[in-house]
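> Mind having a look at this structure? Questions to follow.
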There are 2 protein chains.
Amino acid sequence: MGVKERRARQKRYLRQEILDAASELFVRDGYENVSMRRIADKIEYSPTTIYIYFKDKAELLEQVCKETFSRLVQRLSKIMEQPGEPVERLKRGLIVYIEFGLENPHQYRTTFMMPIPEGLDEKKLHQENSPGMQAFSFLIQGVTDCVKAGKMRIPNVELAAQTLWAGIHGITSLLITHEAFPWVGREKVIHSTVDTLIAGLGG
Amino acid sequence: MGVKERRARQKRYLRQEILDAASELFVRDGYENVSMRRIADKIEYSPTTIYIYFKDKAELLEQVCKETFSRLVQRLSKIMEQPGEPVERLKRGLIVYIEFGLENPHQYRTTFMMPIPEGLDEKKLHQENSPGMQAFSFLIQGVTDCVKAGKMRIPNVELAAQTLWAGIHGITSLLITHEAFPWVGREKVIHSTVDTLIAGLGG
DNA sequence: AGAGTATGATTAACAGTGTTAAGTAAGTGA
DNA sequence: TCACTTACTTAACACTGTTAATCATACTCT
């Protein structure tokens, strides 16, 4: 009676195939330049088949982003596990976050820079264990470590973490959308942002 | 022979009428939810007429944003003209920038958070006296004032200004796109961001 | 084995999008 | 009056995301 399992396996397989095709086009061309029809062409199925596996385009590309962001979570967890000076560790985490965004601009843009489609339960989006929120929780841990080690004197850890997030998101998104701006230098601004934020928090 | 002038005046008038109609729909519904046909309906002209006055949708809404951002420039120039402690003045400017973004989310989004349409001369975009860049120049002035007054010790004014921009853009854009995130409090994060940045620059 | 059903995928279509080529009508200048 | 410019419109192209209806086939049950 393993027939059900096999069918489920086949469904999973095609689902992944859709995700992979979508990802490839999406990474190359970005959200608005990848169409359901082009994805369907790529896997040689009809466009409507995709709707059997994903509610709509938004959900499909959201899943693609989720896959990518889980890689960020892995990277961050590796850094946070390492021993050493907590402030330096936090800094490394911030840098990795920024670099990740610049390496995956389309995914970063759709998860953090695009208008959330209304009707979607916004609360749920942030409460659930989405990789995006997991990444943020590393920030809280990082700040907490610094406070515990007496390297930072901060009244509100949550507030400090959100401030850090704002800062690193700012430089990441600006470098993504305004690549041609006369930056003093990408590396320089990145490090200046991180150093300024940490210094500002008394680190 | 004032006929040419009259015609030019009429053209200017219709052009402004298009801009106003576009602005109203755009402010209400955002970039991707306003169509050329809806704008045309509103002013009771055919959609193609708009293309006589504007190259394409991007240029039209870019002009709308330009109009809005000129209001920011006005506000900032008023603040910067006022006498007083330069660091406090800079802080006020940063706050005004953030508040402006939150008051005009769609305009802010299309000017600073959307992918620049390729083919557009990116260099020119930043060199020209666009209101966006004028607003940035106020940042440079603000930082320079602080340095001159001995209130900030900074090796590179340009770098400091770009760092500040990254920071305030970060909190602005995050509050726009992730309104439902469990923020410690909008006002709190805004002020924390500004204070942290200024403190980090030694202000 | 044969009938019925559930499943997966498809075709055709809807309602919309930005944009362009071709055509029309009115007003201007000689 | 005739030619020409200007402002504008109609019709169409090539797309978009998405849905309803349909088809085929593999599986289940009697």
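In the structure tokens, each chain is lettered A, B, ... as it comes, each chain's residues begin at 1, and ligands are numbered from 1 in order of appearance.
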Can you state the RMSD, in Å, between chain B and chain A once they are superposed by least squares on every Cα paired in order?
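Fitting chain B to chain A over paired C-alpha atoms yields 0.1 Å.
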> Give me, as a VMD selection string, the residues of chain B touching chain C, with the criterion being at most 10 Å (counting only C-alpha atoms (C1' of nucleotides)).
chain B and resid 3 32 35 to 37 47 to 48 51 56 to 57
> Counting only C-alpha atoms (C1' of nucleotides), a student should be able to say which residues of chain B come within 12 Å of chain D; what is the right answer, written as a short mmCIF file (atom, residue, chain, number, x, y, z; two decimals) with N, CA and C atoms, in the first residue's frame?

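Saved file result.cif follows:
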data_model
loop_
_atom_site.label_atom_id
_atom_site.label_comp_id
_atom_site.auth_asym_id
_atom_site.auth_seq_id
_atom_site.Cartn_x
_atom_site.Cartn_y
_atom_site.Cartn_z
N LYS B 4 1.27 81.10 -29.38
CA LYS B 4 2.21 80.06 -28.97
C LYS B 4 2.29 79.97 -27.45
N ARG B 7 -0.81 78.22 -26.16
CA ARG B 7 -0.72 76.77 -26.35
C ARG B 7 0.24 76.14 -25.34
N ALA B 8 1.36 76.83 -25.15
CA ALA B 8 2.34 76.31 -24.19
C ALA B 8 1.73 76.27 -22.80
N GLN B 10 -1.45 75.98 -22.10
CA GLN B 10 -2.40 74.87 -22.05
C GLN B 10 -1.69 73.53 -21.86
N LYS B 11 -0.56 73.39 -22.55
CA LYS B 11 0.19 72.14 -22.41
C LYS B 11 0.68 71.96 -20.98
N LEU B 14 -2.27 70.92 -18.77
CA LEU B 14 -2.67 69.52 -18.87
C LEU B 14 -1.62 68.62 -18.23
N GLU B 44 -10.14 62.19 -17.84
CA GLU B 44 -11.01 62.07 -19.02
C GLU B 44 -10.25 62.34 -20.32
N TYR B 45 -9.08 61.70 -20.40
CA TYR B 45 -8.34 61.70 -21.66
C TYR B 45 -8.02 60.25 -21.99
N SER B 46 -7.58 60.03 -23.21
CA SER B 46 -7.20 58.66 -23.55
C SER B 46 -5.83 58.35 -22.95
N PRO B 47 -5.59 57.08 -22.63
CA PRO B 47 -4.32 56.69 -21.98
C PRO B 47 -3.10 57.15 -22.76
N THR B 48 -3.19 57.12 -24.06
CA THR B 48 -2.01 57.42 -24.86
C THR B 48 -1.60 58.88 -24.78
N THR B 49 -2.56 59.74 -24.42
CA THR B 49 -2.24 61.16 -24.29
C THR B 49 -1.12 61.38 -23.28
N ILE B 50 -1.15 60.57 -22.23
CA ILE B 50 -0.14 60.71 -21.17
C ILE B 50 1.27 60.56 -21.74
N TYR B 51 1.38 59.71 -22.76
CA TYR B 51 2.71 59.43 -23.34
C TYR B 51 3.23 60.61 -24.15
N ILE B 52 2.36 61.56 -24.45
CA ILE B 52 2.83 62.78 -25.11
C ILE B 52 3.58 63.65 -24.11
N TYR B 53 3.17 63.55 -22.86
CA TYR B 53 3.74 64.42 -21.82
C TYR B 53 4.81 63.73 -20.99
#
> Between CA of Asp41 in chain B and CA of Phe69 in chain B, measure the distance and give it in Å to one decimal.
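It comes out at 26.3 Å.
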> At a cut-off of 9 Å, which residues of chain A touch chain B? Count only C-alpha atoms and give the answer as a VMD selection string.
chain A and resid 109 112 to 116 122 to 123 125 to 127 158 to 160 162 to 174 176 to 185 188 to 190 192 to 193 195 to 202
> Check chain A with DSSP on the backbone and list each residue it calls alpha helix (DSSP H), as a PyMOL selection string.
chain A and resi 3-29+36-43+47-53+57-81+86-103+105-112+122-127+131-148+157-177+186-200
> Excluding same-chain residues fewer than 6 positions from Leu61 in chain A, what lies within 10 Å of it counting only C-alpha atoms (C1' of nucleotides), as a PyMOL selection string?
chain A and resi 19+22-23+26+30-31+34+54+67+107+110-111
> Take the residues just selected and output them with C-alpha atoms as a tab-separated table (two decimals), in the first residue's frame.

chain	number	residue	atom	x	y	z
A	19	LEU	CA	10.79	25.97	-6.67
A	22	ALA	CA	11.37	29.75	-10.05
A	23	SER	CA	14.50	30.35	-8.03
A	26	PHE	CA	14.00	34.87	-9.94
A	30	GLY	CA	13.96	39.60	-9.98
A	31	TYR	CA	10.38	39.52	-8.80
A	34	VAL	CA	9.75	36.46	-13.70
A	54	PHE	CA	1.33	27.19	-4.67
A	67	GLU	CA	14.98	28.65	1.29
A	107	GLN	CA	15.48	37.60	-2.20
A	110	THR	CA	11.17	40.67	-1.78
A	111	THR	CA	11.35	39.71	1.89
> Using Å and a single decimal, report how far CA of Leu76 in chain A sits from CA of Asn129 in chain A.
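About the pair CA of Asn129 in chain A and CA of Leu76 in chain A: they are 15.4 Å apart.
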> Record the distance separating CA of Ile39 in chain A and CA of Ala21 in chain A, expressed in Å with one decimal.
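Separation of CA of Ile39 in chain A and CA of Ala21 in chain A: 6.1 Å.
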